[in-house]
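So the structure is just underneath, and the comments pick up after that.
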Amino acid sequence: MELVLSLAIGVLFGAGIWLVLRPRSFQVLCGLMLMSYAVNLFIFAMGGLRVDRPPLTPAGSVPDPAALADPLPQALVLTAIVIGFATTALYLVVMIGARGITGTDHVDGQEPEP
């Protein structure tokens, strides 16, 4: 399971870097989103991949730390998802504004000569 998750993180981050190096601002935005997803998966994996372990203790029971999942990475990833969504919305607004001003979505504001 760790190998598959590691490969998924690597593929997501590699695709994100490839898209960030593209000349169009929408592709750069998609690349940033893919890289943020890869980082979120990495943070989640650092908490340990465990199956059938609840993150919270059942009510009225004595908690056994060995039988529980670590809730800290899950909380960090949830926070990162919310911040990433807000950042993506800000990038979209800036990208649409730049396209309205320059008339192109090229990252430097000028279309290349054919």
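Starting from 1 in every chain, residues are counted up; chains themselves are A, B, ... following the order of the structure tokens, and ligands are numbered from 1 as listed.
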*asked:* Could you pull out the helix (DSSP H, G or I) residues of chain A, going by DSSP on the backbone, and write them as a PyMOL selection string?
replied: chain A and resi 2-20+25-46+65-67+71-102
*Name all residues at most 10 Å from Phe26 of chain A (count only C-alpha atoms; drop same-chain ones fewer than 5 positions away) and give them as JSON, numbers by chain.*
{"A": [19, 20, 31, 32, 91, 92, 95, 96, 105, 106, 107]}
Write the residues you've just listed into a file as a compact mmCIF listing (two decimals), in the first residue's frame, and include N, CA and C atoms for each of them.
# COMPACT_ATOMS: atom_id res chain seq x y z
N LEU A 19 3.23 20.76 -15.57
CA LEU A 19 2.23 21.76 -15.92
C LEU A 19 2.64 23.16 -15.48
N VAL A 20 3.36 23.29 -14.37
CA VAL A 20 3.80 24.62 -13.93
C VAL A 20 4.77 25.22 -14.94
N GLY A 31 -1.27 22.80 -12.50
CA GLY A 31 -0.05 22.22 -11.94
C GLY A 31 0.09 22.50 -10.45
N LEU A 32 -0.25 23.72 -10.04
CA LEU A 32 -0.19 24.04 -8.62
C LEU A 32 -1.19 23.20 -7.82
N TYR A 91 -6.28 32.52 -7.30
CA TYR A 91 -5.54 32.41 -8.56
C TYR A 91 -6.47 32.56 -9.75
N LEU A 92 -7.65 31.95 -9.68
CA LEU A 92 -8.60 32.05 -10.79
C LEU A 92 -9.02 33.50 -11.02
N MET A 95 -6.13 35.31 -12.57
CA MET A 95 -5.93 34.85 -13.95
C MET A 95 -6.99 35.45 -14.88
N ILE A 96 -8.23 35.49 -14.45
CA ILE A 96 -9.30 36.06 -15.28
C ILE A 96 -9.07 37.57 -15.45
N ASP A 105 -3.89 34.53 -22.24
CA ASP A 105 -3.62 33.82 -20.99
C ASP A 105 -2.17 33.32 -20.94
N HIS A 106 -1.32 33.86 -21.80
CA HIS A 106 0.10 33.52 -21.74
C HIS A 106 0.68 34.10 -20.46
N VAL A 107 1.63 33.40 -19.84
CA VAL A 107 2.11 33.81 -18.51
C VAL A 107 2.82 35.16 -18.54
*With only C-alpha atoms as the atoms that count, which of A:Ala67, A:Val28, A:Val94, A:Leu3 lies nearest to Asp52 of chain A?*
A:Ala67
*asked:* Please determine, counting only C-alpha atoms, which residue among A:Ser61, A:Gly109, A:Pro114, A:Leu68 has the shortest atom-to-atom distance to Pro23 of chain A.
replied: A:Gly109
Env of segment 74-81 of chain A: 10 Å cut, atoms = only C-alpha atoms, seq-sep filter 4 positions within chain, self excluded. Answer as a short mmCIF file (atom, residue, chain, number, x, y, z; two decimals) with N, CA, C and O atoms, in the first residue's frame.
data_model
loop_
_atom_site.label_atom_id
_atom_site.label_comp_id
_atom_site.auth_asym_id
_atom_site.auth_seq_id
_atom_site.Cartn_x
_atom_site.Cartn_y
_atom_site.Cartn_z
N SER A 36 -0.32 20.52 -4.86
CA SER A 36 -0.90 20.60 -3.52
C SER A 36 -1.57 19.28 -3.14
O SER A 36 -1.50 18.87 -1.98
N TYR A 37 -2.19 18.59 -4.11
CA TYR A 37 -2.77 17.28 -3.81
C TYR A 37 -1.67 16.29 -3.43
O TYR A 37 -1.86 15.47 -2.52
N VAL A 39 1.22 16.98 -2.02
CA VAL A 39 1.71 17.32 -0.67
C VAL A 39 0.69 16.86 0.38
O VAL A 39 1.08 16.34 1.44
N ASN A 40 -0.60 17.01 0.09
CA ASN A 40 -1.62 16.55 1.03
C ASN A 40 -1.53 15.04 1.24
O ASN A 40 -1.64 14.55 2.37
N LEU A 41 -1.35 14.30 0.15
CA LEU A 41 -1.20 12.85 0.28
C LEU A 41 0.06 12.49 1.07
O LEU A 41 0.07 11.55 1.86
N PHE A 42 1.12 13.26 0.85
CA PHE A 42 2.37 13.01 1.58
C PHE A 42 2.17 13.23 3.09
O PHE A 42 2.59 12.41 3.91
N ILE A 43 1.51 14.32 3.44
CA ILE A 43 1.25 14.60 4.86
C ILE A 43 0.37 13.50 5.46
O ILE A 43 0.62 13.01 6.57
N PHE A 44 -0.64 13.08 4.71
CA PHE A 44 -1.53 12.03 5.19
C PHE A 44 -0.77 10.72 5.39
O PHE A 44 -0.97 10.00 6.37
N ALA A 45 0.14 10.40 4.47
CA ALA A 45 0.92 9.16 4.58
C ALA A 45 1.90 9.20 5.74
O ALA A 45 2.24 8.17 6.31
N GLY A 47 1.37 10.22 8.62
CA GLY A 47 0.67 9.85 9.83
C GLY A 47 0.58 8.34 10.01
O GLY A 47 0.16 7.87 11.06
N PRO A 55 -10.08 7.24 14.30
CA PRO A 55 -9.29 8.38 14.74
C PRO A 55 -9.75 8.93 16.08
O PRO A 55 -9.02 9.66 16.73
N ALA A 69 -5.93 5.61 15.23
CA ALA A 69 -5.17 6.30 14.19
C ALA A 69 -4.79 7.69 14.70
O ALA A 69 -5.43 8.23 15.60
N ASP A 70 -3.73 8.25 14.13
CA ASP A 70 -3.28 9.58 14.54
C ASP A 70 -4.16 10.63 13.85
O ASP A 70 -4.15 10.74 12.62
N PHE A 85 -8.14 25.37 -1.52
CA PHE A 85 -9.32 25.77 -2.28
C PHE A 85 -9.42 27.29 -2.35
O PHE A 85 -9.70 27.85 -3.42
N ALA A 86 -9.17 27.96 -1.24
CA ALA A 86 -9.22 29.43 -1.23
C ALA A 86 -8.12 30.02 -2.10
O ALA A 86 -8.35 30.99 -2.84
N THR A 87 -6.95 29.44 -2.06
CA THR A 87 -5.85 29.92 -2.89
C THR A 87 -6.15 29.72 -4.37
O THR A 87 -5.85 30.59 -5.20
#
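Distance annotation: of A:Gly16, A:Arg22, A:Ile83, A:Leu34, the residue with the minimal separation from Asp108 of chain A is A:Arg22; atom set is only C-alpha atoms.
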